[in-house]
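Single-structure report; data block below.
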Amino acid sequence: MTLPIPDTEAITAAVNTAHQAMLQVDGGKNADYIPYLASVPSGLAALAVVTREGTVVEAGDSRFAFAIESISKVATLALIMETIGRDALREKVGSDPTGLPFNSVMALELAQGKPMSPLVNAGAIATASLVEGATADARWDKILDMQSRLAGRPLSLSDEVNQSEQTTNFHNRAIAWLLYSAGTCYSDPMEALDIYTRQCSTLLDTVDLATMGATFANGGVNPKTGERVVSKDNVPPILAEMMMEGLYTFSGDFAYIVGLPGKSGVGGGMLAVAPGKLAIAAFAPPLDEAGNSVRALAGISAVAKSLNLDLFSA
């Protein structure tokens with residue numbers, strides 16, 4: 001079913017008003033456990049909408065390139081669904097919210113070593129271990145290609161972000177070995193962790209992020225390039241995963257407040273998808289305790305409300 005898209009004038013008004021509201025929001029702080037993220041100017045704020053037809057509306061620092069971080073988990077999830085199928089991935093990784101922080105070891109232990117979701121660190125490392133390729137570089141190239149096809153332009157790895165992440169990922173190293181000991185890491189654990197860390201270290205801007213979301217809103221077809229990136233049948237389970245675990249321990253609240261599938265990253269990016277209509281992306285570095293951008297949440301919430309996008313509204 002083709003759904004009506006809000007007109008461009010309404011989207012523009014909503015984005016501009018929401019961006020101004022973002023600038024008034026205080027609180028939060030940059031992620032400081034990754035040195036690169038701590039150095040990003042905390043006053044940046046951006047908002048963008050891309051419709052399923054490719055219309056772009058943007059405001060603020062929308063062309064500032066930031067680290068994709070955990071939003072990359074959605075791209076790798078899509079890649080593996082396309083490769084081995086949704087049912088095979090669900091059997092290996094699971095599809096339930098953990099109710100615990102995104103880097104929780106306890107969640108993995110409580111599930112007897114099987115990660116519960118591909119959108120938390122344990123599940124994302126396991127998902128990365130399923131990428132096919134003879135070498136780590138060959139596997140990484142497939143992930144970067146998927147990210148780029150979703151964004152509609154070539155993305156690239158930031159050596160600075162990657163170095164900052166690779167030298168501080170001690171907690172994730174423990175998770176990778178726990179997965180391996182439980183038989184739920186499907187390649188060498190340190191190689192899987194290396195690939196996962198790289199996938200979090202690419203740079204994109206807020207319009208790129210909104211384009212990624214619009215590809216899912218458009219049933220898997222990138223509205224800018226016209227390329228089918230994800231099969232139509234795989235889009236619903238990807239959005240379901242985002243709804244359940246996309247904002248970690250705040251995911252239920254996000255569904256309650258915004259009513260859309262979403263995904264956040266500790267780089268300050270946040271994405272929400274209105275299926276059949278459009279995607280909203282926002283960026284602002286300061287995070288709340290759950291790891292979600294404080295101002296990005298305010299911006300996305302305001303746009304979704306203004307355009308009546310809540311999926312749970314009658």
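Here, A, B, ... name the chains of the structure tokens in the order displayed, residue numbers run from 1 inside each chain, and ligands are numbered from 1 in the same displayed order.
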Report as a PDB file with all heavy atoms, in the first residue's frame all protein, DNA and RNA residues lying within 8 Å of range 152-162 of chain A, evaluated on only C-alpha atoms, omitting residues in the same chain fewer than 6 positions from it.
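Full text of out-v9.pdb as output:
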ATOM      1  N   TYR A  36      38.213  10.090  20.368  1.00  0.00           N
ATOM      2  CA  TYR A  36      37.774  10.888  19.224  1.00  0.00           C
ATOM      3  C   TYR A  36      36.412  11.526  19.496  1.00  0.00           C
ATOM      4  O   TYR A  36      36.199  12.705  19.202  1.00  0.00           O
ATOM      5  CB  TYR A  36      37.696  10.021  17.972  1.00  0.00           C
ATOM      6  CG  TYR A  36      37.161  10.763  16.760  1.00  0.00           C
ATOM      7  CD1 TYR A  36      38.010  11.451  15.908  1.00  0.00           C
ATOM      8  CD2 TYR A  36      35.791  10.785  16.476  1.00  0.00           C
ATOM      9  CE1 TYR A  36      37.517  12.150  14.813  1.00  0.00           C
ATOM     10  CE2 TYR A  36      35.288  11.479  15.387  1.00  0.00           C
ATOM     11  CZ  TYR A  36      36.159  12.152  14.561  1.00  0.00           C
ATOM     12  OH  TYR A  36      35.660  12.847  13.484  1.00  0.00           O
ATOM     13  N   ALA A  67      30.916  10.091  13.277  1.00  0.00           N
ATOM     14  CA  ALA A  67      31.106   8.637  13.321  1.00  0.00           C
ATOM     15  C   ALA A  67      29.756   7.928  13.405  1.00  0.00           C
ATOM     16  O   ALA A  67      28.931   8.242  14.256  1.00  0.00           O
ATOM     17  CB  ALA A  67      31.978   8.252  14.511  1.00  0.00           C
ATOM     18  N   LEU A 144      31.260  -2.134   4.230  1.00  0.00           N
ATOM     19  CA  LEU A 144      31.364  -0.752   3.761  1.00  0.00           C
ATOM     20  C   LEU A 144      30.523  -0.539   2.503  1.00  0.00           C
ATOM     21  O   LEU A 144      29.884   0.511   2.352  1.00  0.00           O
ATOM     22  CB  LEU A 144      32.821  -0.395   3.487  1.00  0.00           C
ATOM     23  CG  LEU A 144      33.092   1.049   3.060  1.00  0.00           C
ATOM     24  CD1 LEU A 144      32.631   2.028   4.135  1.00  0.00           C
ATOM     25  CD2 LEU A 144      34.581   1.253   2.753  1.00  0.00           C
ATOM     26  N   ASP A 145      30.483  -1.529   1.645  1.00  0.00           N
ATOM     27  CA  ASP A 145      29.661  -1.430   0.439  1.00  0.00           C
ATOM     28  C   ASP A 145      28.183  -1.323   0.794  1.00  0.00           C
ATOM     29  O   ASP A 145      27.457  -0.512   0.200  1.00  0.00           O
ATOM     30  CB  ASP A 145      29.906  -2.652  -0.454  1.00  0.00           C
ATOM     31  CG  ASP A 145      29.030  -2.644  -1.695  1.00  0.00           C
ATOM     32  OD1 ASP A 145      29.220  -1.761  -2.555  1.00  0.00           O
ATOM     33  OD2 ASP A 145      28.144  -3.516  -1.811  1.00  0.00           O
ATOM     34  N   THR A 197      34.542  -3.203  14.812  1.00  0.00           N
ATOM     35  CA  THR A 197      35.070  -1.895  15.206  1.00  0.00           C
ATOM     36  C   THR A 197      35.230  -0.995  13.996  1.00  0.00           C
ATOM     37  O   THR A 197      34.936   0.205  14.057  1.00  0.00           O
ATOM     38  CB  THR A 197      36.410  -2.068  15.944  1.00  0.00           C
ATOM     39  OG1 THR A 197      36.229  -2.971  17.045  1.00  0.00           O
ATOM     40  CG2 THR A 197      36.918  -0.742  16.482  1.00  0.00           C
ATOM     41  N   ARG A 198      35.672  -1.562  12.887  1.00  0.00           N
ATOM     42  CA  ARG A 198      35.785  -0.772  11.660  1.00  0.00           C
ATOM     43  C   ARG A 198      34.417  -0.265  11.212  1.00  0.00           C
ATOM     44  O   ARG A 198      34.283   0.886  10.778  1.00  0.00           O
ATOM     45  CB  ARG A 198      36.415  -1.599  10.537  1.00  0.00           C
ATOM     46  CG  ARG A 198      37.904  -1.808  10.654  1.00  0.00           C
ATOM     47  CD  ARG A 198      38.460  -2.317   9.343  1.00  0.00           C
ATOM     48  NE  ARG A 198      39.152  -3.589   9.472  1.00  0.00           N
ATOM     49  CZ  ARG A 198      39.742  -4.231   8.479  1.00  0.00           C
ATOM     50  NH1 ARG A 198      39.706  -3.714   7.251  1.00  0.00           N
ATOM     51  NH2 ARG A 198      40.355  -5.381   8.664  1.00  0.00           N
ATOM     52  N   GLN A 199      33.397  -1.124  11.298  1.00  0.00           N
ATOM     53  CA  GLN A 199      32.081  -0.710  10.806  1.00  0.00           C
ATOM     54  C   GLN A 199      31.532   0.464  11.603  1.00  0.00           C
ATOM     55  O   GLN A 199      30.728   1.250  11.095  1.00  0.00           O
ATOM     56  CB  GLN A 199      31.097  -1.882  10.821  1.00  0.00           C
ATOM     57  CG  GLN A 199      30.496  -2.191  12.178  1.00  0.00           C
ATOM     58  CD  GLN A 199      29.438  -3.285  12.142  1.00  0.00           C
ATOM     59  OE1 GLN A 199      29.572  -4.275  11.431  1.00  0.00           O
ATOM     60  NE2 GLN A 199      28.390  -3.101  12.915  1.00  0.00           N
ATOM     61  N   CYS A 200      31.965   0.592  12.846  1.00  0.00           N
ATOM     62  CA  CYS A 200      31.527   1.709  13.688  1.00  0.00           C
ATOM     63  C   CYS A 200      32.309   2.983  13.412  1.00  0.00           C
ATOM     64  O   CYS A 200      31.976   4.040  13.947  1.00  0.00           O
ATOM     65  CB  CYS A 200      31.684   1.343  15.161  1.00  0.00           C
ATOM     66  SG  CYS A 200      30.591   0.028  15.732  1.00  0.00           S
ATOM     67  N   SER A 201      33.358   2.894  12.587  1.00  0.00           N
ATOM     68  CA  SER A 201      34.312   3.988  12.430  1.00  0.00           C
ATOM     69  C   SER A 201      34.211   4.707  11.094  1.00  0.00           C
ATOM     70  O   SER A 201      35.096   5.493  10.750  1.00  0.00           O
ATOM     71  CB  SER A 201      35.743   3.455  12.615  1.00  0.00           C
ATOM     72  OG  SER A 201      35.900   2.840  13.877  1.00  0.00           O
ATOM     73  N   THR A 202      33.166   4.449  10.328  1.00  0.00           N
ATOM     74  CA  THR A 202      32.967   5.205   9.098  1.00  0.00           C
ATOM     75  C   THR A 202      32.310   6.549   9.423  1.00  0.00           C
ATOM     76  O   THR A 202      31.651   6.711  10.452  1.00  0.00           O
ATOM     77  CB  THR A 202      32.095   4.431   8.095  1.00  0.00           C
ATOM     78  OG1 THR A 202      30.893   4.007   8.750  1.00  0.00           O
ATOM     79  CG2 THR A 202      32.814   3.214   7.566  1.00  0.00           C
ATOM     80  N   LEU A 203      32.505   7.496   8.524  1.00  0.00           N
ATOM     81  CA  LEU A 203      31.932   8.829   8.696  1.00  0.00           C
ATOM     82  C   LEU A 203      30.769   9.022   7.735  1.00  0.00           C
ATOM     83  O   LEU A 203      30.818   8.566   6.579  1.00  0.00           O
ATOM     84  CB  LEU A 203      32.988   9.903   8.441  1.00  0.00           C
ATOM     85  CG  LEU A 203      34.182   9.952   9.393  1.00  0.00           C
ATOM     86  CD1 LEU A 203      35.129  11.070   8.976  1.00  0.00           C
ATOM     87  CD2 LEU A 203      33.739  10.144  10.843  1.00  0.00           C
ATOM     88  N   LEU A 204      29.752   9.714   8.189  1.00  0.00           N
ATOM     89  CA  LEU A 204      28.614  10.092   7.349  1.00  0.00           C
ATOM     90  C   LEU A 204      28.018  11.359   7.915  1.00  0.00           C
ATOM     91  O   LEU A 204      28.323  11.751   9.046  1.00  0.00           O
ATOM     92  CB  LEU A 204      27.582   8.976   7.272  1.00  0.00           C
ATOM     93  CG  LEU A 204      26.573   8.783   8.422  1.00  0.00           C
ATOM     94  CD1 LEU A 204      25.556   7.721   8.031  1.00  0.00           C
ATOM     95  CD2 LEU A 204      27.244   8.420   9.728  1.00  0.00           C
ATOM     96  N   ASP A 208      23.096  11.776   4.822  1.00  0.00           N
ATOM     97  CA  ASP A 208      23.406  10.367   4.521  1.00  0.00           C
ATOM     98  C   ASP A 208      22.592   9.437   5.411  1.00  0.00           C
ATOM     99  O   ASP A 208      22.032   8.431   4.948  1.00  0.00           O
ATOM    100  CB  ASP A 208      24.893  10.072   4.767  1.00  0.00           C
ATOM    101  CG  ASP A 208      25.824  10.810   3.838  1.00  0.00           C
ATOM    102  OD1 ASP A 208      25.452  11.042   2.672  1.00  0.00           O
ATOM    103  OD2 ASP A 208      26.942  11.144   4.283  1.00  0.00           O
ATOM    104  N   THR A 211      19.059   9.318   4.422  1.00  0.00           N
ATOM    105  CA  THR A 211      18.919   8.539   3.182  1.00  0.00           C
ATOM    106  C   THR A 211      18.924   7.044   3.475  1.00  0.00           C
ATOM    107  O   THR A 211      18.158   6.283   2.872  1.00  0.00           O
ATOM    108  CB  THR A 211      20.048   8.899   2.204  1.00  0.00           C
ATOM    109  OG1 THR A 211      20.040  10.308   1.961  1.00  0.00           O
ATOM    110  CG2 THR A 211      19.873   8.164   0.884  1.00  0.00           C
ATOM    111  N   MET A 212      19.778   6.623   4.399  1.00  0.00           N
ATOM    112  CA  MET A 212      19.756   5.217   4.824  1.00  0.00           C
ATOM    113  C   MET A 212      18.363   4.840   5.317  1.00  0.00           C
ATOM    114  O   MET A 212      17.806   3.813   4.927  1.00  0.00           O
ATOM    115  CB  MET A 212      20.771   4.989   5.943  1.00  0.00           C
ATOM    116  CG  MET A 212      22.209   4.965   5.523  1.00  0.00           C
ATOM    117  SD  MET A 212      23.273   4.587   6.947  1.00  0.00           S
ATOM    118  CE  MET A 212      24.782   4.118   6.111  1.00  0.00           C
ATOM    119  N   ASN A 222      16.785   2.500  -2.516  1.00  0.00           N
ATOM    120  CA  ASN A 222      17.337   3.808  -2.206  1.00  0.00           C
ATOM    121  C   ASN A 222      16.639   4.862  -3.059  1.00  0.00           C
ATOM    122  O   ASN A 222      16.657   4.780  -4.286  1.00  0.00           O
ATOM    123  CB  ASN A 222      18.843   3.827  -2.481  1.00  0.00           C
ATOM    124  CG  ASN A 222      19.511   5.110  -2.022  1.00  0.00           C
ATOM    125  OD1 ASN A 222      19.174   6.202  -2.459  1.00  0.00           O
ATOM    126  ND2 ASN A 222      20.478   4.970  -1.132  1.00  0.00           N
ATOM    127  N   LYS A 224      17.390   7.870  -3.759  1.00  0.00           N
ATOM    128  CA  LYS A 224      18.289   8.729  -4.533  1.00  0.00           C
ATOM    129  C   LYS A 224      18.856   8.006  -5.743  1.00  0.00           C
ATOM    130  O   LYS A 224      18.923   8.559  -6.842  1.00  0.00           O
ATOM    131  CB  LYS A 224      19.430   9.248  -3.649  1.00  0.00           C
ATOM    132  CG  LYS A 224      19.004  10.266  -2.605  1.00  0.00           C
ATOM    133  CD  LYS A 224      20.226  10.831  -1.910  1.00  0.00           C
ATOM    134  CE  LYS A 224      19.843  11.920  -0.920  1.00  0.00           C
ATOM    135  NZ  LYS A 224      21.035  12.493  -0.241  1.00  0.00           N
ATOM    136  N   THR A 225      19.305   6.765  -5.537  1.00  0.00           N
ATOM    137  CA  THR A 225      19.959   6.023  -6.622  1.00  0.00           C
ATOM    138  C   THR A 225      18.999   5.129  -7.399  1.00  0.00           C
ATOM    139  O   THR A 225      19.306   4.720  -8.516  1.00  0.00           O
ATOM    140  CB  THR A 225      21.094   5.149  -6.060  1.00  0.00           C
ATOM    141  OG1 THR A 225      20.522   4.134  -5.203  1.00  0.00           O
ATOM    142  CG2 THR A 225      22.076   5.987  -5.258  1.00  0.00           C
TER     143      THR A 225
END
Inset, instruction - For Val221 in chain A, work out the shell of residues within 10 Å, counting only C-alpha atoms and skipping chain neighbours fewer than 3 positions away, then give it as an MDAnalysis selection string. - result: chainID A and resid 52 149:150 212 214:218 224:232
Go ahead and save the picked residues with N, CA and C atoms, as a PDB file, in the first residue's frame.
ATOM      1  N   ARG A  52      10.533   8.968   0.797  1.00  0.00           N
ATOM      2  CA  ARG A  52      10.698   7.789  -0.066  1.00  0.00           C
ATOM      3  C   ARG A  52      10.850   8.184  -1.531  1.00  0.00           C
ATOM      4  N   ARG A 149      25.793   1.834  -0.116  1.00  0.00           N
ATOM      5  CA  ARG A 149      24.596   1.668  -0.943  1.00  0.00           C
ATOM      6  C   ARG A 149      23.357   2.188  -0.221  1.00  0.00           C
ATOM      7  N   LEU A 150      23.294   2.008   1.080  1.00  0.00           N
ATOM      8  CA  LEU A 150      22.181   2.552   1.848  1.00  0.00           C
ATOM      9  C   LEU A 150      22.222   4.079   1.870  1.00  0.00           C
ATOM     10  N   MET A 212      19.778   6.623   4.399  1.00  0.00           N
ATOM     11  CA  MET A 212      19.756   5.217   4.824  1.00  0.00           C
ATOM     12  C   MET A 212      18.363   4.840   5.317  1.00  0.00           C
ATOM     13  N   ALA A 214      15.547   6.366   4.702  1.00  0.00           N
ATOM     14  CA  ALA A 214      14.561   6.468   3.632  1.00  0.00           C
ATOM     15  C   ALA A 214      14.586   5.242   2.726  1.00  0.00           C
ATOM     16  N   THR A 215      15.739   4.598   2.629  1.00  0.00           N
ATOM     17  CA  THR A 215      15.827   3.349   1.861  1.00  0.00           C
ATOM     18  C   THR A 215      14.935   2.281   2.479  1.00  0.00           C
ATOM     19  N   PHE A 216      14.927   2.214   3.803  1.00  0.00           N
ATOM     20  CA  PHE A 216      14.025   1.273   4.483  1.00  0.00           C
ATOM     21  C   PHE A 216      12.577   1.741   4.385  1.00  0.00           C
ATOM     22  N   ALA A 217      12.367   3.052   4.490  1.00  0.00           N
ATOM     23  CA  ALA A 217      10.999   3.574   4.351  1.00  0.00           C
ATOM     24  C   ALA A 217      10.440   3.286   2.970  1.00  0.00           C
ATOM     25  N   ASN A 218      11.329   3.164   1.988  1.00  0.00           N
ATOM     26  CA  ASN A 218      10.943   2.922   0.597  1.00  0.00           C
ATOM     27  C   ASN A 218      10.981   1.438   0.251  1.00  0.00           C
ATOM     28  N   LYS A 224      17.390   7.870  -3.759  1.00  0.00           N
ATOM     29  CA  LYS A 224      18.289   8.729  -4.533  1.00  0.00           C
ATOM     30  C   LYS A 224      18.856   8.006  -5.743  1.00  0.00           C
ATOM     31  N   THR A 225      19.305   6.765  -5.537  1.00  0.00           N
ATOM     32  CA  THR A 225      19.959   6.023  -6.622  1.00  0.00           C
ATOM     33  C   THR A 225      18.999   5.129  -7.399  1.00  0.00           C
ATOM     34  N   GLY A 226      17.859   4.798  -6.798  1.00  0.00           N
ATOM     35  CA  GLY A 226      16.917   3.886  -7.431  1.00  0.00           C
ATOM     36  C   GLY A 226      17.317   2.427  -7.321  1.00  0.00           C
ATOM     37  N   GLU A 227      18.405   2.151  -6.613  1.00  0.00           N
ATOM     38  CA  GLU A 227      18.883   0.774  -6.477  1.00  0.00           C
ATOM     39  C   GLU A 227      18.127   0.043  -5.381  1.00  0.00           C
ATOM     40  N   ARG A 228      17.747  -1.210  -5.654  1.00  0.00           N
ATOM     41  CA  ARG A 228      17.218  -2.050  -4.574  1.00  0.00           C
ATOM     42  C   ARG A 228      18.394  -2.547  -3.760  1.00  0.00           C
ATOM     43  N   VAL A 229      18.476  -2.088  -2.530  1.00  0.00           N
ATOM     44  CA  VAL A 229      19.588  -2.427  -1.652  1.00  0.00           C
ATOM     45  C   VAL A 229      19.225  -3.594  -0.743  1.00  0.00           C
ATOM     46  N   VAL A 230      17.981  -3.625  -0.289  1.00  0.00           N
ATOM     47  CA  VAL A 230      17.492  -4.655   0.626  1.00  0.00           C
ATOM     48  C   VAL A 230      16.195  -5.209   0.052  1.00  0.00           C
ATOM     49  N   SER A 231      16.044  -6.529   0.099  1.00  0.00           N
ATOM     50  CA  SER A 231      14.815  -7.130  -0.409  1.00  0.00           C
ATOM     51  C   SER A 231      13.625  -6.669   0.428  1.00  0.00           C
ATOM     52  N   LYS A 232      12.490  -6.545  -0.219  1.00  0.00           N
ATOM     53  CA  LYS A 232      11.300  -6.031   0.455  1.00  0.00           C
ATOM     54  C   LYS A 232      10.928  -6.870   1.668  1.00  0.00           C
TER      55      LYS A 232
END
Inset, instruction - May I have the residues within 12 Å of Ala281 in chain A as number ranges by chain, using only C-alpha atoms and disregarding those fewer than 4 positions away in the same chain? - result: A: 15, 18-19, 45-51, 56-63, 68, 71, 204-214, 261-265, 268-274, 293, 295-304
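Checking A:Leu311, A:Asp233, A:Lys92, A:Pro41 one by one against Ala255 in chain A, counting only C-alpha atoms, you find the shortest gap at A:Leu311.
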Legend entry - Polymer residues at most 12 Å from Thr98 in chain A, only C-alpha atoms, same-chain spacing of 3 or more positions, as JSON, numbers by chain: {"A": [94, 95, 101, 102, 103, 104, 105, 106, 107, 108, 109, 110, 111, 114, 115, 116, 117, 118, 119, 120, 121, 122, 123, 241, 244, 245, 246, 247, 248, 249, 250, 251, 252]}
Residues just named, written with N, CA and C atoms as an mmCIF file, in the first residue's frame:
data_model
loop_
_atom_site.group_PDB
_atom_site.id
_atom_site.type_symbol
_atom_site.label_atom_id
_atom_site.label_comp_id
_atom_site.auth_asym_id
_atom_site.auth_seq_id
_atom_site.Cartn_x
_atom_site.Cartn_y
_atom_site.Cartn_z
ATOM 1 N N GLY A 94 19.208 -14.086 17.461
ATOM 2 C CA GLY A 94 18.057 -13.768 18.288
ATOM 3 C C GLY A 94 17.416 -12.452 17.886
ATOM 4 N N SER A 95 16.276 -12.152 18.518
ATOM 5 C CA SER A 95 15.512 -10.966 18.118
ATOM 6 C C SER A 95 14.722 -10.371 19.281
ATOM 7 N N PRO A 101 22.106 -2.552 29.383
ATOM 8 C CA PRO A 101 22.914 -1.671 28.546
ATOM 9 C C PRO A 101 23.449 -2.367 27.296
ATOM 10 N N PHE A 102 23.773 -1.569 26.270
ATOM 11 C CA PHE A 102 24.156 -2.111 24.960
ATOM 12 C C PHE A 102 25.429 -2.950 24.999
ATOM 13 N N ASN A 103 26.276 -2.750 25.993
ATOM 14 C CA ASN A 103 27.525 -3.515 26.080
ATOM 15 C C ASN A 103 27.506 -4.513 27.228
ATOM 16 N N SER A 104 26.314 -4.927 27.610
ATOM 17 C CA SER A 104 26.165 -5.784 28.788
ATOM 18 C C SER A 104 26.737 -7.185 28.561
ATOM 19 N N VAL A 105 27.583 -7.616 29.484
ATOM 20 C CA VAL A 105 28.054 -8.999 29.516
ATOM 21 C C VAL A 105 27.014 -9.876 30.200
ATOM 22 N N MET A 106 26.329 -9.321 31.191
ATOM 23 C CA MET A 106 25.317 -10.080 31.923
ATOM 24 C C MET A 106 24.211 -10.582 30.989
ATOM 25 N N ALA A 107 23.799 -9.735 30.028
ATOM 26 C CA ALA A 107 22.745 -10.153 29.096
ATOM 27 C C ALA A 107 23.172 -11.380 28.310
ATOM 28 N N LEU A 108 24.436 -11.421 27.926
ATOM 29 C CA LEU A 108 24.959 -12.566 27.179
ATOM 30 C C LEU A 108 25.011 -13.809 28.055
ATOM 31 N N GLU A 109 25.450 -13.648 29.271
ATOM 32 C CA GLU A 109 25.532 -14.778 30.194
ATOM 33 C C GLU A 109 24.143 -15.329 30.536
ATOM 34 N N LEU A 110 23.178 -14.440 30.748
ATOM 35 C CA LEU A 110 21.823 -14.884 31.085
ATOM 36 C C LEU A 110 21.181 -15.665 29.944
ATOM 37 N N ALA A 111 21.620 -15.398 28.722
ATOM 38 C CA ALA A 111 21.077 -16.104 27.560
ATOM 39 C C ALA A 111 21.952 -17.296 27.162
ATOM 40 N N LYS A 114 24.151 -16.968 23.886
ATOM 41 C CA LYS A 114 23.563 -16.578 22.603
ATOM 42 C C LYS A 114 23.105 -15.129 22.698
ATOM 43 N N PRO A 115 23.628 -14.254 21.839
ATOM 44 C CA PRO A 115 23.189 -12.861 21.901
ATOM 45 C C PRO A 115 21.706 -12.753 21.599
ATOM 46 N N MET A 116 21.046 -11.807 22.246
ATOM 47 C CA MET A 116 19.597 -11.685 22.128
ATOM 48 C C MET A 116 19.159 -10.779 20.993
ATOM 49 N N SER A 117 20.039 -9.894 20.541
ATOM 50 C CA SER A 117 19.666 -8.929 19.509
ATOM 51 C C SER A 117 20.889 -8.550 18.689
ATOM 52 N N PRO A 118 20.750 -8.359 17.378
ATOM 53 C CA PRO A 118 21.875 -7.894 16.562
ATOM 54 C C PRO A 118 22.184 -6.428 16.758
ATOM 55 N N LEU A 119 21.392 -5.716 17.574
ATOM 56 C CA LEU A 119 21.587 -4.286 17.764
ATOM 57 C C LEU A 119 22.237 -3.936 19.093
ATOM 58 N N VAL A 120 22.683 -4.940 19.853
ATOM 59 C CA VAL A 120 23.557 -4.692 20.993
ATOM 60 C C VAL A 120 24.939 -5.215 20.617
ATOM 61 N N ASN A 121 25.950 -4.855 21.394
ATOM 62 C CA ASN A 121 27.321 -5.153 20.985
ATOM 63 C C ASN A 121 27.575 -6.639 20.765
ATOM 64 N N ALA A 122 27.100 -7.486 21.677
ATOM 65 C CA ALA A 122 27.341 -8.916 21.536
ATOM 66 C C ALA A 122 26.724 -9.444 20.237
ATOM 67 N N GLY A 123 25.488 -9.082 19.983
ATOM 68 C CA GLY A 123 24.831 -9.540 18.771
ATOM 69 C C GLY A 123 25.445 -8.954 17.519
ATOM 70 N N GLU A 241 13.443 -5.027 14.623
ATOM 71 C CA GLU A 241 14.625 -5.028 15.498
ATOM 72 C C GLU A 241 14.912 -3.614 15.997
ATOM 73 N N MET A 244 12.495 -2.584 18.762
ATOM 74 C CA MET A 244 12.664 -3.267 20.048
ATOM 75 C C MET A 244 13.946 -2.900 20.779
ATOM 76 N N GLU A 245 15.032 -2.625 20.031
ATOM 77 C CA GLU A 245 16.332 -2.481 20.682
ATOM 78 C C GLU A 245 17.169 -1.341 20.117
ATOM 79 N N GLY A 246 16.585 -0.521 19.238
ATOM 80 C CA GLY A 246 17.368 0.491 18.543
ATOM 81 C C GLY A 246 17.933 1.582 19.416
ATOM 82 N N LEU A 247 17.291 1.860 20.536
ATOM 83 C CA LEU A 247 17.792 2.879 21.460
ATOM 84 C C LEU A 247 18.109 2.271 22.822
ATOM 85 N N TYR A 248 18.464 0.969 22.796
ATOM 86 C CA TYR A 248 18.909 0.275 23.989
ATOM 87 C C TYR A 248 17.877 0.340 25.105
ATOM 88 N N THR A 249 18.292 0.733 26.305
ATOM 89 C CA THR A 249 17.355 0.707 27.423
ATOM 90 C C THR A 249 16.282 1.792 27.316
ATOM 91 N N PHE A 250 16.382 2.668 26.317
ATOM 92 C CA PHE A 250 15.366 3.694 26.090
ATOM 93 C C PHE A 250 14.428 3.310 24.942
ATOM 94 N N SER A 251 14.566 2.110 24.409
ATOM 95 C CA SER A 251 13.799 1.722 23.220
ATOM 96 C C SER A 251 12.300 1.749 23.457
ATOM 97 N N GLY A 252 11.856 1.255 24.592
ATOM 98 C CA GLY A 252 10.427 1.295 24.897
ATOM 99 C C GLY A 252 9.919 2.712 25.026
#
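Comparing the minimum interatomic distances between Ile125 in chain A and each of A:Asp87, A:Glu82, A:Glu53, A:Asp188, counting only C-alpha atoms, we find that A:Asp188 sits nearest.
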Inset, instruction - Rank nothing, just name the residue among A:Val40, A:Asp7, A:Trp177, A:Ile143 nearest to Leu77 in chain A, using only C-alpha atoms. - result: A:Ile143
Legend entry - Residue nearest Tyr256 in chain A - candidates A:Glu91, A:Glu132, A:Asp310, A:Asp32, atoms counted: only C-alpha atoms: A:Asp310
Legend entry - Test item, helix (DSSP H, G or I) assignment across range 37-235 of chain A, answer as a ChimeraX atom specification: /A:37-38,69-84,86-93,105-110,121-128,136-151,159-166,170-182,189-199,206-217,232-235
Inset, instruction - Find, counting only C-alpha atoms, the residue in A:Cys185, A:Ile195, A:Ala78, A:Ala176 that gets nearest to Thr135 in chain A. - result: A:Ile195
Inset, instruction - From the DSSP assignment of the backbone, select every residue of range 163-276 of chain A that is strand (DSSP E or B), and format the answer as a ChimeraX atom specification. - result: /A:202-204,221,228,262-264,269-274
Emit the selected residues as a short mmCIF file (atom, residue, chain, number, x, y, z; two decimals), in the first residue's frame, including N, CA and C atoms.
data_model
loop_
_atom_site.label_atom_id
_atom_site.label_comp_id
_atom_site.auth_asym_id
_atom_site.auth_seq_id
_atom_site.Cartn_x
_atom_site.Cartn_y
_atom_site.Cartn_z
N THR A 202 33.17 4.45 10.33
CA THR A 202 32.97 5.21 9.10
C THR A 202 32.31 6.55 9.42
N LEU A 203 32.50 7.50 8.52
CA LEU A 203 31.93 8.83 8.70
C LEU A 203 30.77 9.02 7.74
N LEU A 204 29.75 9.71 8.19
CA LEU A 204 28.61 10.09 7.35
C LEU A 204 28.02 11.36 7.91
N VAL A 221 14.48 0.17 -1.39
CA VAL A 221 15.01 0.83 -2.58
C VAL A 221 15.52 2.21 -2.20
N ARG A 228 17.75 -1.21 -5.65
CA ARG A 228 17.22 -2.05 -4.57
C ARG A 228 18.39 -2.55 -3.76
N GLY A 262 13.63 3.11 15.48
CA GLY A 262 14.73 4.05 15.54
C GLY A 262 16.05 3.36 15.79
N LYS A 263 17.12 4.11 15.61
CA LYS A 263 18.47 3.62 15.95
C LYS A 263 19.35 4.79 16.30
N SER A 264 20.13 4.62 17.34
CA SER A 264 21.04 5.67 17.78
C SER A 264 22.47 5.16 17.76
N GLY A 269 24.51 10.46 16.48
CA GLY A 269 23.50 10.31 15.44
C GLY A 269 22.28 9.57 15.94
N MET A 270 21.13 9.84 15.32
CA MET A 270 19.90 9.14 15.64
C MET A 270 19.02 9.11 14.40
N LEU A 271 18.33 8.00 14.20
CA LEU A 271 17.51 7.78 13.01
C LEU A 271 16.14 7.26 13.41
N ALA A 272 15.10 7.71 12.71
CA ALA A 272 13.76 7.16 12.87
C ALA A 272 13.17 6.96 11.48
N VAL A 273 12.43 5.86 11.31
CA VAL A 273 11.87 5.51 10.01
C VAL A 273 10.35 5.45 10.09
N ALA A 274 9.70 6.20 9.21
CA ALA A 274 8.25 6.12 9.06
C ALA A 274 7.99 5.29 7.81
#
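Pairwise distance (CA of Ala14 in chain A, CA of Gly43 in chain A) equals 21.1 Å.
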Legend entry - Computed interatomic separation between CA of Phe254 in chain A and CA of Gln147 in chain A (Å): 24.2 Å
